[in-house]
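Q: One file: structure.cif (mmCIF, C-alpha atoms).
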data_final
loop_
_atom_site.group_PDB
_atom_site.id
_atom_site.type_symbol
_atom_site.label_atom_id
_atom_site.label_comp_id
_atom_site.auth_asym_id
_atom_site.auth_seq_id
_atom_site.Cartn_x
_atom_site.Cartn_y
_atom_site.Cartn_z
ATOM 1 C CA MET A 1 9.298 -17.703 -1.346
ATOM 2 C CA VAL A 2 8.586 -14.492 -3.225
ATOM 3 C CA ASN A 3 11.619 -13.931 -5.457
ATOM 4 C CA ASN A 4 10.740 -11.016 -7.701
ATOM 5 C CA LEU A 5 8.346 -8.143 -8.287
ATOM 6 C CA GLN A 6 6.147 -10.115 -10.633
ATOM 7 C CA ASP A 7 5.735 -13.186 -8.425
ATOM 8 C CA THR A 8 2.091 -13.951 -7.695
ATOM 9 C CA THR A 9 -0.048 -15.564 -5.052
ATOM 10 C CA THR A 10 -2.857 -17.807 -6.269
ATOM 11 C CA LEU A 11 -6.222 -16.748 -4.856
ATOM 12 C CA ILE A 12 -8.752 -19.360 -3.741
ATOM 13 C CA ASN A 13 -10.457 -19.224 -7.171
ATOM 14 C CA GLY A 14 -7.197 -19.821 -9.067
ATOM 15 C CA VAL A 15 -6.628 -16.200 -10.129
ATOM 16 C CA LYS A 16 -3.026 -15.057 -9.809
ATOM 17 C CA MET A 17 -2.398 -11.754 -7.997
ATOM 18 C CA PRO A 18 0.995 -10.033 -7.689
ATOM 19 C CA TRP A 19 2.376 -10.024 -4.141
ATOM 20 C CA PHE A 20 3.493 -6.431 -4.575
ATOM 21 C CA GLY A 21 1.820 -3.386 -6.092
ATOM 22 C CA LEU A 22 1.331 0.364 -6.036
ATOM 23 C CA GLY A 23 -1.336 2.072 -3.936
ATOM 24 C CA VAL A 24 -2.615 5.528 -4.959
ATOM 25 C CA PHE A 25 -4.489 6.678 -1.827
ATOM 26 C CA LYS A 26 -4.429 10.487 -1.435
ATOM 27 C CA ILE A 27 -2.749 11.071 -4.809
ATOM 28 C CA GLU A 28 -4.919 13.618 -6.587
ATOM 29 C CA GLU A 29 -5.793 13.615 -10.271
ATOM 30 C CA GLY A 30 -3.058 15.213 -12.354
ATOM 31 C CA PRO A 31 0.426 14.639 -13.774
ATOM 32 C CA GLU A 32 1.911 13.452 -10.454
ATOM 33 C CA LEU A 33 -0.599 10.590 -10.294
ATOM 34 C CA VAL A 34 -0.245 9.646 -13.971
ATOM 35 C CA ASN A 35 3.547 9.677 -13.703
ATOM 36 C CA ALA A 36 3.586 7.606 -10.498
ATOM 37 C CA VAL A 37 1.515 4.821 -12.074
ATOM 38 C CA LYS A 38 3.582 4.957 -15.263
ATOM 39 C CA PHE A 39 6.846 4.824 -13.278
ATOM 40 C CA ALA A 40 5.538 1.765 -11.455
ATOM 41 C CA ILE A 41 4.585 -0.050 -14.671
ATOM 42 C CA LYS A 42 7.898 0.933 -16.298
ATOM 43 C CA HIS A 43 9.828 -0.529 -13.349
ATOM 44 C CA GLY A 44 7.998 -3.847 -13.364
ATOM 45 C CA TYR A 45 5.026 -3.329 -11.053
ATOM 46 C CA ARG A 46 2.004 -5.218 -12.318
ATOM 47 C CA SER A 47 -0.582 -4.412 -9.641
ATOM 48 C CA ILE A 48 -2.316 -1.040 -9.206
ATOM 49 C CA ASP A 49 -4.784 -0.385 -6.362
ATOM 50 C CA THR A 50 -7.296 2.485 -6.410
ATOM 51 C CA ALA A 51 -10.825 3.151 -5.086
ATOM 52 C CA ALA A 52 -13.868 5.212 -6.015
ATOM 53 C CA ILE A 53 -13.408 7.447 -2.942
ATOM 54 C CA TYR A 54 -9.838 8.350 -3.970
ATOM 55 C CA GLN A 55 -11.393 10.283 -6.875
ATOM 56 C CA ASN A 56 -8.451 9.470 -9.119
ATOM 57 C CA GLU A 57 -9.716 6.560 -11.240
ATOM 58 C CA GLU A 58 -9.629 8.618 -14.451
ATOM 59 C CA GLY A 59 -5.943 9.474 -13.995
ATOM 60 C CA VAL A 60 -5.138 5.876 -13.072
ATOM 61 C CA GLY A 61 -6.905 4.720 -16.242
ATOM 62 C CA GLN A 62 -4.979 7.195 -18.385
ATOM 63 C CA ALA A 63 -1.689 6.090 -16.802
ATOM 64 C CA ILE A 64 -2.543 2.418 -17.392
ATOM 65 C CA ARG A 65 -3.250 3.046 -21.082
ATOM 66 C CA GLU A 66 -0.048 5.044 -21.551
ATOM 67 C CA GLY A 67 2.017 2.781 -19.285
ATOM 68 C CA ILE A 68 1.162 -0.497 -20.989
ATOM 69 C CA LYS A 69 1.843 1.036 -24.387
ATOM 70 C CA GLU A 70 5.244 2.360 -23.324
ATOM 71 C CA ALA A 71 6.185 -0.895 -21.542
ATOM 72 C CA GLY A 72 5.022 -3.022 -24.466
ATOM 73 C CA ILE A 73 2.740 -5.153 -22.286
ATOM 74 C CA SER A 74 -0.989 -5.878 -22.492
ATOM 75 C CA ARG A 75 -3.901 -5.072 -20.197
ATOM 76 C CA GLU A 76 -3.946 -8.754 -19.182
ATOM 77 C CA ASP A 77 -0.458 -8.344 -17.715
ATOM 78 C CA LEU A 78 -1.801 -5.909 -15.120
ATOM 79 C CA PHE A 79 -3.842 -6.562 -11.985
ATOM 80 C CA VAL A 80 -6.152 -3.607 -11.296
ATOM 81 C CA THR A 81 -8.155 -3.185 -8.078
ATOM 82 C CA SER A 82 -10.876 -0.707 -7.169
ATOM 83 C CA LYS A 83 -13.366 -0.485 -4.314
ATOM 84 C CA VAL A 84 -17.021 0.445 -3.856
ATOM 85 C CA TRP A 85 -17.577 3.317 -1.423
ATOM 86 C CA ASN A 86 -19.924 3.271 1.578
ATOM 87 C CA SER A 87 -22.607 5.477 0.010
ATOM 88 C CA ASP A 88 -22.992 2.972 -2.850
ATOM 89 C CA LEU A 89 -23.435 -0.160 -0.739
ATOM 90 C CA GLY A 90 -26.640 -1.872 -1.833
ATOM 91 C CA TYR A 91 -27.396 -4.366 -4.579
ATOM 92 C CA GLU A 92 -28.305 -2.029 -7.462
ATOM 93 C CA ALA A 93 -26.147 0.831 -6.199
ATOM 94 C CA THR A 94 -23.073 -1.403 -6.057
ATOM 95 C CA LEU A 95 -23.663 -2.696 -9.592
ATOM 96 C CA GLU A 96 -23.911 0.918 -10.781
ATOM 97 C CA ALA A 97 -20.806 1.918 -8.826
ATOM 98 C CA TYR A 98 -18.861 -0.847 -10.581
ATOM 99 C CA GLU A 99 -19.921 0.458 -14.005
ATOM 100 C CA THR A 100 -18.930 3.996 -12.973
ATOM 101 C CA SER A 101 -15.482 2.857 -11.852
ATOM 102 C CA LEU A 102 -14.943 0.900 -15.080
ATOM 103 C CA LYS A 103 -15.994 3.897 -17.151
ATOM 104 C CA LYS A 104 -13.667 6.259 -15.280
ATOM 105 C CA LEU A 105 -10.784 3.808 -15.566
ATOM 106 C CA GLY A 106 -11.602 3.161 -19.229
ATOM 107 C CA LEU A 107 -11.365 -0.600 -18.678
ATOM 108 C CA ASP A 108 -13.531 -3.550 -19.733
ATOM 109 C CA TYR A 109 -13.093 -5.391 -16.457
ATOM 110 C CA LEU A 110 -11.380 -5.218 -13.072
ATOM 111 C CA ASP A 111 -9.129 -7.916 -11.695
ATOM 112 C CA LEU A 112 -10.346 -7.280 -8.152
ATOM 113 C CA TYR A 113 -13.295 -5.368 -6.726
ATOM 114 C CA LEU A 114 -13.596 -4.806 -2.981
ATOM 115 C CA ILE A 115 -16.193 -3.567 -0.508
ATOM 116 C CA HIS A 116 -14.231 -0.688 1.039
ATOM 117 C CA TRP A 117 -15.706 -0.729 4.573
ATOM 118 C CA PRO A 118 -18.072 -3.076 6.437
ATOM 119 C CA VAL A 119 -21.016 -0.703 6.828
ATOM 120 C CA GLU A 120 -23.446 -2.516 9.102
ATOM 121 C CA GLY A 121 -26.696 -3.531 7.442
ATOM 122 C CA LYS A 122 -25.389 -2.750 3.969
ATOM 123 C CA TYR A 123 -22.403 -4.924 3.146
ATOM 124 C CA LYS A 124 -24.355 -8.146 2.576
ATOM 125 C CA GLU A 125 -26.426 -6.631 -0.249
ATOM 126 C CA ALA A 126 -23.263 -5.160 -1.724
ATOM 127 C CA TRP A 127 -21.626 -8.589 -1.534
ATOM 128 C CA ARG A 128 -24.553 -10.084 -3.435
ATOM 129 C CA ALA A 129 -23.843 -7.543 -6.193
ATOM 130 C CA LEU A 130 -20.152 -8.507 -6.231
ATOM 131 C CA GLU A 131 -21.161 -12.177 -6.529
ATOM 132 C CA THR A 132 -23.345 -11.268 -9.535
ATOM 133 C CA LEU A 133 -20.487 -9.386 -11.223
ATOM 134 C CA TYR A 134 -18.182 -12.309 -10.552
ATOM 135 C CA LYS A 135 -20.612 -14.944 -11.859
ATOM 136 C CA GLU A 136 -21.141 -12.863 -15.006
ATOM 137 C CA GLY A 137 -17.378 -12.794 -15.590
ATOM 138 C CA ARG A 138 -17.240 -8.993 -15.240
ATOM 139 C CA VAL A 139 -14.559 -9.153 -12.540
ATOM 140 C CA LYS A 140 -11.810 -11.739 -12.001
ATOM 141 C CA ALA A 141 -11.893 -11.737 -8.191
ATOM 142 C CA ILE A 142 -13.947 -10.183 -5.386
ATOM 143 C CA GLY A 143 -13.136 -9.344 -1.813
ATOM 144 C CA VAL A 144 -13.482 -6.998 1.114
ATOM 145 C CA SER A 145 -11.467 -4.338 2.884
ATOM 146 C CA ASN A 146 -11.270 -3.456 6.573
ATOM 147 C CA PHE A 147 -13.351 -6.462 7.639
ATOM 148 C CA GLN A 148 -12.800 -7.793 11.150
ATOM 149 C CA VAL A 149 -13.279 -11.492 11.949
ATOM 150 C CA HIS A 150 -16.907 -10.991 13.028
ATOM 151 C CA HIS A 151 -17.732 -9.148 9.776
ATOM 152 C CA LEU A 152 -16.239 -11.994 7.732
ATOM 153 C CA GLU A 153 -18.109 -14.627 9.758
ATOM 154 C CA ASN A 154 -21.350 -12.724 9.337
ATOM 155 C CA LEU A 155 -20.829 -12.297 5.590
ATOM 156 C CA MET A 156 -19.847 -15.910 5.018
ATOM 157 C CA LYS A 157 -22.963 -17.261 6.740
ATOM 158 C CA GLU A 158 -25.041 -16.318 3.705
ATOM 159 C CA ALA A 159 -22.496 -15.730 0.950
ATOM 160 C CA GLU A 160 -22.427 -18.108 -1.993
ATOM 161 C CA ILE A 161 -18.852 -17.106 -2.774
ATOM 162 C CA LYS A 162 -16.174 -16.565 -0.156
ATOM 163 C CA PRO A 163 -14.160 -13.314 -0.256
ATOM 164 C CA MET A 164 -10.858 -13.937 -1.984
ATOM 165 C CA ILE A 165 -9.096 -10.968 -0.375
ATOM 166 C CA ASN A 166 -9.323 -8.980 2.852
ATOM 167 C CA GLN A 167 -7.359 -5.749 2.569
ATOM 168 C CA VAL A 168 -6.692 -4.253 5.999
ATOM 169 C CA GLU A 169 -4.454 -1.757 7.734
ATOM 170 C CA PHE A 170 -1.365 -3.798 8.554
ATOM 171 C CA HIS A 171 2.083 -2.733 9.758
ATOM 172 C CA PRO A 172 4.450 -3.508 12.658
ATOM 173 C CA ARG A 173 2.330 -1.442 15.088
ATOM 174 C CA LEU A 174 -0.865 -3.245 14.004
ATOM 175 C CA THR A 175 -0.130 -6.882 13.246
ATOM 176 C CA GLN A 176 -3.777 -8.064 13.218
ATOM 177 C CA LYS A 177 -2.860 -11.629 14.233
ATOM 178 C CA GLU A 178 -6.470 -12.673 14.798
ATOM 179 C CA ILE A 179 -7.526 -11.663 11.287
ATOM 180 C CA GLN A 180 -4.328 -13.122 9.831
ATOM 181 C CA THR A 181 -5.082 -16.518 11.388
ATOM 182 C CA PHE A 182 -8.753 -16.431 10.364
ATOM 183 C CA CYS A 183 -7.899 -15.537 6.759
ATOM 184 C CA GLN A 184 -5.270 -18.285 6.546
ATOM 185 C CA GLU A 185 -7.735 -20.852 7.886
ATOM 186 C CA HIS A 186 -10.383 -19.852 5.326
ATOM 187 C CA GLY A 187 -8.188 -19.413 2.253
ATOM 188 C CA ILE A 188 -8.685 -15.630 2.182
ATOM 189 C CA GLN A 189 -5.571 -13.761 1.046
ATOM 190 C CA MET A 190 -4.734 -10.871 3.353
ATOM 191 C CA GLU A 191 -3.460 -7.616 1.870
ATOM 192 C CA ALA A 192 -1.889 -4.652 3.661
ATOM 193 C CA TRP A 193 -2.791 -1.025 3.197
ATOM 194 C CA SER A 194 -0.649 1.641 4.859
ATOM 195 C CA PRO A 195 2.182 -0.905 5.294
ATOM 196 C CA LEU A 196 4.614 1.874 6.253
ATOM 197 C CA MET A 197 2.132 3.428 8.704
ATOM 198 C CA GLN A 198 2.133 6.574 6.562
ATOM 199 C CA GLY A 199 5.844 7.061 7.206
ATOM 200 C CA GLU A 200 5.600 6.941 11.000
ATOM 201 C CA LEU A 201 7.843 3.873 11.322
ATOM 202 C CA LEU A 202 10.768 4.996 9.226
ATOM 203 C CA ASP A 203 12.890 5.957 12.272
ATOM 204 C CA GLN A 204 11.928 2.991 14.455
ATOM 205 C CA PRO A 205 15.200 1.859 16.171
ATOM 206 C CA VAL A 206 14.622 -1.939 16.029
ATOM 207 C CA ILE A 207 13.754 -1.813 12.330
ATOM 208 C CA LYS A 208 16.625 0.592 11.652
ATOM 209 C CA GLU A 209 19.096 -1.824 13.230
ATOM 210 C CA ILE A 210 17.833 -4.696 11.063
ATOM 211 C CA ALA A 211 17.927 -2.415 8.001
ATOM 212 C CA ASN A 212 21.572 -1.495 8.664
ATOM 213 C CA LYS A 213 22.520 -5.176 8.840
ATOM 214 C CA TYR A 214 21.175 -5.781 5.313
ATOM 215 C CA ASN A 215 22.152 -2.371 3.947
ATOM 216 C CA LYS A 216 18.467 -1.661 3.303
ATOM 217 C CA SER A 217 16.053 1.117 4.260
ATOM 218 C CA THR A 218 13.540 0.693 7.096
ATOM 219 C CA ALA A 219 10.775 0.810 4.474
ATOM 220 C CA GLN A 220 12.364 -2.103 2.607
ATOM 221 C CA VAL A 221 12.615 -4.157 5.807
ATOM 222 C CA ILE A 222 8.938 -3.556 6.647
ATOM 223 C CA LEU A 223 7.808 -4.464 3.132
ATOM 224 C CA ARG A 224 9.946 -7.608 3.245
ATOM 225 C CA TRP A 225 8.349 -8.484 6.610
ATOM 226 C CA ASP A 226 4.917 -8.171 4.937
ATOM 227 C CA LEU A 227 5.834 -10.618 2.205
ATOM 228 C CA GLN A 228 7.394 -13.120 4.607
ATOM 229 C CA ASN A 229 4.151 -12.976 6.578
ATOM 230 C CA GLY A 230 2.337 -14.028 3.400
ATOM 231 C CA ILE A 231 0.675 -10.622 3.067
ATOM 232 C CA VAL A 232 0.161 -8.890 -0.297
ATOM 233 C CA THR A 233 1.332 -5.287 -0.001
ATOM 234 C CA ILE A 234 0.748 -2.027 -1.891
ATOM 235 C CA PRO A 235 2.966 0.828 -0.657
ATOM 236 C CA LYS A 236 2.144 4.284 -1.980
ATOM 237 C CA SER A 237 4.690 6.619 -3.493
ATOM 238 C CA THR A 238 4.785 9.220 -6.238
ATOM 239 C CA LYS A 239 8.568 9.521 -6.560
ATOM 240 C CA GLU A 240 10.298 7.327 -9.124
ATOM 241 C CA HIS A 241 13.360 6.568 -6.958
ATOM 242 C CA ARG A 242 11.110 5.563 -4.041
ATOM 243 C CA ILE A 243 8.936 3.364 -6.285
ATOM 244 C CA ILE A 244 12.126 1.568 -7.407
ATOM 245 C CA GLU A 245 13.498 1.369 -3.854
ATOM 246 C CA ASN A 246 10.268 -0.005 -2.363
ATOM 247 C CA ALA A 247 10.410 -2.925 -4.787
ATOM 248 C CA ALA A 248 14.109 -3.726 -4.205
ATOM 249 C CA ILE A 249 13.308 -6.273 -1.501
ATOM 250 C CA PHE A 250 13.884 -9.590 -3.220
ATOM 251 C CA ASP A 251 17.612 -9.963 -2.577
ATOM 252 C CA PHE A 252 17.510 -10.544 1.191
ATOM 253 C CA GLU A 253 15.516 -12.540 3.707
ATOM 254 C CA LEU A 254 14.709 -11.758 7.350
ATOM 255 C CA THR A 255 15.487 -14.434 9.913
ATOM 256 C CA LYS A 256 12.788 -15.948 12.114
ATOM 257 C CA ALA A 257 14.201 -13.961 15.078
ATOM 258 C CA GLU A 258 14.047 -10.687 13.102
ATOM 259 C CA MET A 259 10.475 -11.436 12.020
ATOM 260 C CA GLU A 260 9.568 -11.931 15.683
ATOM 261 C CA GLN A 261 11.366 -8.741 16.731
ATOM 262 C CA ILE A 262 9.226 -6.798 14.270
ATOM 263 C CA ASP A 263 6.052 -8.660 15.341
ATOM 264 C CA ASP A 264 6.818 -7.596 18.930
ATOM 265 C CA LEU A 265 6.468 -3.918 17.960
ATOM 266 C CA ASN A 266 2.696 -4.409 17.793
ATOM 267 C CA GLN A 267 0.645 -1.944 19.876
ATOM 268 C CA ASN A 268 -2.721 -2.464 18.119
ATOM 269 C CA HIS A 269 -2.238 1.119 16.960
ATOM 270 C CA ARG A 270 -4.172 2.368 13.936
ATOM 271 C CA VAL A 271 -3.431 5.333 11.695
ATOM 272 C CA GLY A 272 -6.739 4.811 9.890
ATOM 273 C CA PRO A 273 -10.283 4.439 11.236
ATOM 274 C CA ASP A 274 -11.345 1.520 13.401
ATOM 275 C CA PRO A 275 -13.792 -0.618 11.370
ATOM 276 C CA ASP A 276 -15.900 -1.162 14.506
ATOM 277 C CA ASN A 277 -16.069 2.499 15.521
ATOM 278 C CA PHE A 278 -16.177 4.441 12.303
ATOM 279 C CA ASP A 279 -18.809 7.041 11.524
ATOM 280 C CA PHE A 280 -20.037 5.766 8.160
#
Output the structure of this file as structure tokens.

A:
Amino acid sequence: MVNNLQDTTTLINGVKMPWFGLGVFKIEEGPELVNAVKFAIKHGYRSIDTAAIYQNEEGVGQAIREGIKEAGISREDLFVTSKVWNSDLGYEATLEAYETSLKKLGLDYLDLYLIHWPVEGKYKEAWRALETLYKEGRVKAIGVSNFQVHHLENLMKEAEIKPMINQVEFHPRLTQKEIQTFCQEHGIQMEAWSPLMQGELLDQPVIKEIANKYNKSTAQVILRWDLQNGIVTIPKSTKEHRIIENAAIFDFELTKAEMEQIDDLNQNHRVGPDPDNFDF
């Protein structure tokens, strides 16, 4: 079981990835972003997730440099993820996009690089580029984001290297059981974005009742549910007290019945785009 903030899952290639991290979607460049990442590092977070399209890689890089110095840790203690955007999907374009992200972040390598969306006709070439980066030792692990089962099957037909991660929208209203099962069967670690459904679930009565029992917040119960499902999770917050609170989920455990109660809230409801019907 996951017992603390720095516990890791071992990806199919042997790389260790923290179960819990900080996401920085929709946090603009500036002091708020830098402080959020530094708060996270200060309070024991070791995984930071960004993307080219978030347009905040420079601030994340600055915060990483300052954060590791202040926390007295090294770059190797952190797990940093970024993602290639749709307009850069193609063999050469993806290789260039990787260099651009590294430069903005001010890093020598990434721990994880993902294809952000499965743009039809483009993601296979982009995957080939990720395989090249991986084989050259430029990135520790490679994966995808927002891939449905059929995208993964299609990719894996020709891929030399299997994706190590599939990061998808995942929360109690969208439990993605089919993808969960497929990923488990193929050794692909699933990761949740928008685990709190952008705040829409914080007043959900069933979750609130469970939260009251453990003297926890609804957010903490949902994040605990993620981990007990074997899902890596990266909630976003900019406030220090919330960053601390989100990670205070290692001192209680949901029962099987409570896990099922939360599973039953599924409505296949997305807050983000549908990977099959998205105007790329």

Q: List, as a VMD selection string, every residue that the PyMOL selection byres ((chain A and resi 39-52) around 9) selects in the file provided.

A: chain A and resid 5 to 6 17 to 25 34 to 38 53 to 57 60 64 67 to 68 70 to 71 77 to 85 97 100 to 101 114 116 234 238 to 240 243 to 244 247

Q: Here is a test: counting all atoms listed in the file, which residue of A:Pro273, A:Leu105, A:Leu33, A:Val168 is nearest to Arg65 of chain A?

A: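 Using all atoms listed in the file, Arg65 of chain A sits closest to A:Leu105.
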
Q: Identify, on the basis of all atoms listed in the file, every residue whose closest approach to Gln189 of chain A does not exceed 12 Å; exclude the query and any residue fewer than 2 positions from it along the same chain; express the result as an MDAnalysis selection string.

A: chainID A and resid 8:19 141:145 162:168 179:187 191:192 227 229:233

Q: Find the spatial neighbours of Arg224 of chain A, counting all atoms listed in the file, within a cut-off of 9 Å - ignore same-chain residues fewer than 3 positions away - and output them as a PyMOL selection string.

A: chain A and resi 219-221+227-229+249-250+252-254

Q: Quick one: everything within 10 Å of Gln176 of chain A, counting all atoms listed in the file, minus sequence neighbours fewer than 5 positions away in the same chain. Send it as a VMD selection string.

A: chain A and resid 148 168 to 171 181 266 268

Q: With 5 Å on each side, where is the centre of the axis-aligned box around all listed atoms of segment 29-36 of chain A, and how long are its edges in Å to one decimal, as JSON?

A:
{"center_x": -1.1, "center_y": 11.4, "center_z": -12.1, "size_x": 19.4, "size_y": 17.6, "size_z": 13.7}

Q: Could you work out how far atom CA of Phe147 of chain A lies from atom CA of Tyr91 of chain A, giving the answer in Å with one decimal?

A: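 Atom CA of Phe147 of chain A lies at a distance of 18.7 Å from atom CA of Tyr91 of chain A.
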
Q: To one decimal place, how far is atom CA of His151 of chain A from atom CA of Ile262 of chain A in Å?

A: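 Taking atom CA of His151 of chain A and atom CA of Ile262 of chain A, their separation equals 27.4 Å.
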
Q: Mind giving me the straight-line distance from atom CA of Glu178 of chain A to atom CA of Met197 of chain A in Å, one decimal?

A: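 That distance, rounded to one decimal, is 19.2 Å.
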
Q: Given the file shown, determine the residues that the PyMOL selection byres ((chain A and resi 267) around 10) selects; report them as a PyMOL selection string.

A: chain A and resi 172-175+263-266+268-270

Q: Find the residues around Ser87 of chain A up to 12 Å (only C-alpha atoms counted), leave out those fewer than 5 positions away in its own chain, and share them as a count of residues only.

A: 15

Q: Choose the residue, out of A:Ile222, A:Leu133, A:Leu102, A:Ala211, that has the smallest atom-to-atom separation from Gly199 of chain A; count all atoms listed in the file.

A: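 Residue with the minimum atom-to-atom distance to Gly199 of chain A: A:Ile222.
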
Q: My list of candidates is A:Arg138, A:Tyr214, A:Glu99, A:Lys124. Which is closest to Glu153 of chain A when distances are computed with only C-alpha atoms?

A: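 Among the listed residues, the smallest separation from Glu153 of chain A belongs to A:Lys124.
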
Q: Pick the closest to Gly272 of chain A from A:Pro195, A:Thr218, A:Lys213, A:Lys256: which is it, counting all atoms listed in the file?

A: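 The answer is A:Pro195, which sits nearest to Gly272 of chain A.
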
Q: Taking only C-alpha atoms into account, name the residue in A:Trp193, A:Tyr109, A:Trp127, A:Tyr134 that is nearest to Lys236 of chain A.

A: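 Closest residue, counting only C-alpha atoms: A:Trp193.
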